[in-house]
Amino acid sequence: MKEVKTPRKPLAIYYALVLLMLLLLNFVLLPWMGERQIKEVDYGTFMTMTEEKNIGRVDIESNQIIFTDKDETQVYKTGLMNDTGLTERLYDAGATFSSEIVEQSSPVLSFLIWFVLPIILFSAIGNQMNKKLMEKAGGGPGSMMFGGMGKSNAKVYVQSTAGIRFADVAGEDEAKENLQEVVNYLHDPSKYESIGAKMPKGILLVGPPGTGKTMLAKAVAGESNVPFFSMSGSEFVEMFVGMGASKVRDLFKQAKEKAPCIVFIDEIDAIGKKRDGQIGGNDEREQTLNQLLTEMDGFGTNSGVIILAATNRADILDKALMRAGRFDRQIEVGLPDVKERAEIFDVHLRNIKLDPNLDRDFLAKQTPGFSGADIANVCNEAALIAARHDKKFVGREDFLSAIDRIVGGLERRNMIITPEEKRLIAYHEAGHATVSWILEYANPLIKVTIIPRGRALGAAWYLPEERQVTTREQIMDDIASTLGGRAAEKLVFDTLGSGALNDLEVATKKAYSMVAYLGMSDKVGNMSYYDSSGQGEMALTKPYSEQTAELIDKEVKRLLDDAFALATKVLREHRDGFTQLAELLLEKEVVFSEDLERIFGKRIKDIKREQAEAAAAA
């Protein structure tokens, strides 16, 4: 992208130059001028002037004597000699001892340099900057105090051959198709106006962090041949009330002058939050939002100005901002599916030397739930790992290690773990692996390890199936596999360890979502207390009674108990395989899905799928 900027010289630079000038005068010019005023004489001349009582002030230093004549019109210096009666002779000659001979030799010059000169310089700079600020702010009275605080500092981009294009953004085909329509309208508006069509005034990009919303905006800037204004929502927020609204006015004033154009506001939730109307609210933010609402669709017109914004918190935006006529179109930029992840890998692997046998589809299948930013991080981490091991190419194992590092954290092989703790961890992780392998609807396991990573002492890695609808049976099997480690501790050691903290947290949240949100409890019924408006945190009361809250707690406990009992039942029925897996973990520290298939056989879901494929083929 090519950014058009106006050169600026901040006020601080001018003052810094003045201070530097004064320091040079103090430490260079004044000492040099002082040295030029001192006349060097021999010790004999000094003795003669002393005998003639032509001595005024005297300063005896460690290696020299500085003195003046009787009238103090000239300063002299001479070397220091071993003269024992010098002090008495100087007193007899009427000399006075002083250490300020050189500093006070030219008081007029010091006064001019340190008082008169700074006043002149700072006054000149102040007058010059005041003129510029008044011209910039239109000459208003507030311009002298606040300068350009009410002015928009939006970055203006124009088309550039080096910019990002839609071809550089992998995945999100639907989002690119909608944005391409905006670009086409800007290139050929007559095509749409001829049949009475109008371009949406505002387009809002909504999606989780890292999915490429800002990159899509950059691609629009690269594809369109019109001015592109870019500004973050937080840049509108100022300390003084009214300054943010002034920035909004100035931004749209610039945009109207350059229409047709695009205005992009990143992280618009910084100024677009719901107005709660409470006393003591953020008046500055609300005034900024009100001005933005007026500019987007008020009494005036903004023909030719298209607003493009991005946020990952659309649920907290004000309804007036989201209505038709302001943001007419919302484009969902979600997490990529397996096909889109493969395309994103192709983009980020262009400049990496890869193993020729690397299967990119395999990498896409290993990264469910990863955003585009996560995939870029995986590629970079894999390259770093390969370089650390002096490899010429980045291979499959490097990518798997990078995925493990991003998901679980760095390995901590030097952590001190007692043999008893290691055995407990091995059986804990073997419990997770066994339950998830046996239950039909649990997520399939990739590998299980007892090597500490991050804050975890061990981990079981799953490959979640990408599905749009989740059933009650699937959630219950997931909860059971999550509690499989704790069930293994209770079954084998008849104790409960602290390592199941995260498991309990995950299982409890899933159970609460089943009961309170998804209506999967017979006793609570088909009711959902989920607040999709995003105002749940601001609600003063819960949307249900205390009796319902007690019922929800009981149902959650019942579901967790049922899942724990199911996990315990699976471990008892497959005790031999479970024990064999735990001992294998103690021996190898890392066990893969091939080892579980050798111990337990194929998963029920895999057997059913193979049978269905065979029946379809027949």
# chains A, B, ... in the order shown; residues from 1 in each chain; ligands from 1
>>> residues_around(residues="Gly485 in chain A", least_positions_apart="4", cutoff="10 Å", atoms="only C-alpha atoms", output="MDAnalysis selection string")
chainID A and resid 424:435 460 480:481 489:491 496:497 499:500 503 564 567:568
>>> residues_around(residues="range 288-292 of chain A", least_positions_apart="3", cutoff="9 Å", atoms="only C-alpha atoms", output="MDAnalysis selection string")
chainID A and resid 236:237 241:249 271:273 275 283:285 295:297 318 321
>>> residues_around(residues="Asp576 in chain A", least_positions_apart="4", cutoff="12 Å", atoms="only C-alpha atoms", output="PyMOL selection string")
chain A and resi 430+434+570-572+580-583+599-600
>>> write_last_selection(atoms="N, CA and C atoms", output="short mmCIF file (atom, residue, chain, number, x, y, z; two decimals), in the first residue's frame")
data_model
loop_
_atom_site.label_atom_id
_atom_site.label_comp_id
_atom_site.auth_asym_id
_atom_site.auth_seq_id
_atom_site.Cartn_x
_atom_site.Cartn_y
_atom_site.Cartn_z
N ALA A 430 -3.87 -41.90 30.23
CA ALA A 430 -4.38 -43.13 29.63
C ALA A 430 -5.89 -43.24 29.82
N THR A 434 -8.36 -43.76 26.68
CA THR A 434 -9.19 -44.97 26.61
C THR A 434 -10.66 -44.61 26.43
N VAL A 570 -16.41 -47.54 31.40
CA VAL A 570 -15.57 -47.87 30.24
C VAL A 570 -14.20 -48.37 30.71
N LEU A 571 -13.63 -47.73 31.71
CA LEU A 571 -12.30 -48.13 32.18
C LEU A 571 -12.34 -49.50 32.83
N ARG A 572 -13.41 -49.80 33.55
CA ARG A 572 -13.52 -51.13 34.18
C ARG A 572 -13.65 -52.22 33.11
N GLN A 580 -2.39 -51.52 29.95
CA GLN A 580 -1.33 -51.68 28.96
C GLN A 580 -0.95 -50.33 28.35
N LEU A 581 -1.94 -49.49 28.10
CA LEU A 581 -1.67 -48.17 27.53
C LEU A 581 -0.90 -47.30 28.52
N ALA A 582 -1.28 -47.36 29.81
CA ALA A 582 -0.58 -46.56 30.81
C ALA A 582 0.88 -46.97 30.94
N GLU A 583 1.15 -48.27 30.93
CA GLU A 583 2.53 -48.75 31.03
C GLU A 583 3.32 -48.38 29.78
N ILE A 599 -4.05 -51.74 20.51
CA ILE A 599 -4.46 -52.24 21.83
C ILE A 599 -5.97 -52.51 21.87
N PHE A 600 -6.79 -51.55 21.40
CA PHE A 600 -8.25 -51.65 21.55
C PHE A 600 -8.98 -52.05 20.28
#
>>> atom_distance(atom1="CA of Val515 in chain A", atom2="CA of Val333 in chain A")
29.3 Å
>>> atom_distance(atom1="CA of Leu349 in chain A", atom2="CA of Cys379 in chain A")
6.9 Å
>>> residues_around(residues="Thr96 in chain A", least_positions_apart="5", cutoff="7 Å", atoms="only C-alpha atoms", output="VMD selection string")
chain A and resid 56 to 58
>>> residues_around(residues="Pro208 in chain A", least_positions_apart="5", cutoff="10 Å", atoms="only C-alpha atoms", output="ChimeraX atom specification")
/A:213,311-313,332-335,371
>>> write_last_selection(atoms="C-alpha atoms", output="CSV table (one decimal), in the first residue's frame")
chain,number,residue,atom,x,y,z
A,213,LYS,CA,-11.0,-8.8,8.6
A,311,THR,CA,-15.2,-5.9,14.8
A,312,ASN,CA,-15.1,-9.2,16.7
A,313,ARG,CA,-17.8,-8.0,19.1
A,332,GLU,CA,-19.4,-12.9,8.5
A,333,VAL,CA,-15.7,-13.6,8.4
A,334,GLY,CA,-15.6,-16.9,10.3
A,335,LEU,CA,-13.0,-19.5,11.1
A,371,SER,CA,-7.7,-19.0,12.3
>>> select_by_dssp(residues="range 270-344 of chain A", states="strand (DSSP E)", output="NGL selection string")
:A and (305-311 or 329-332)
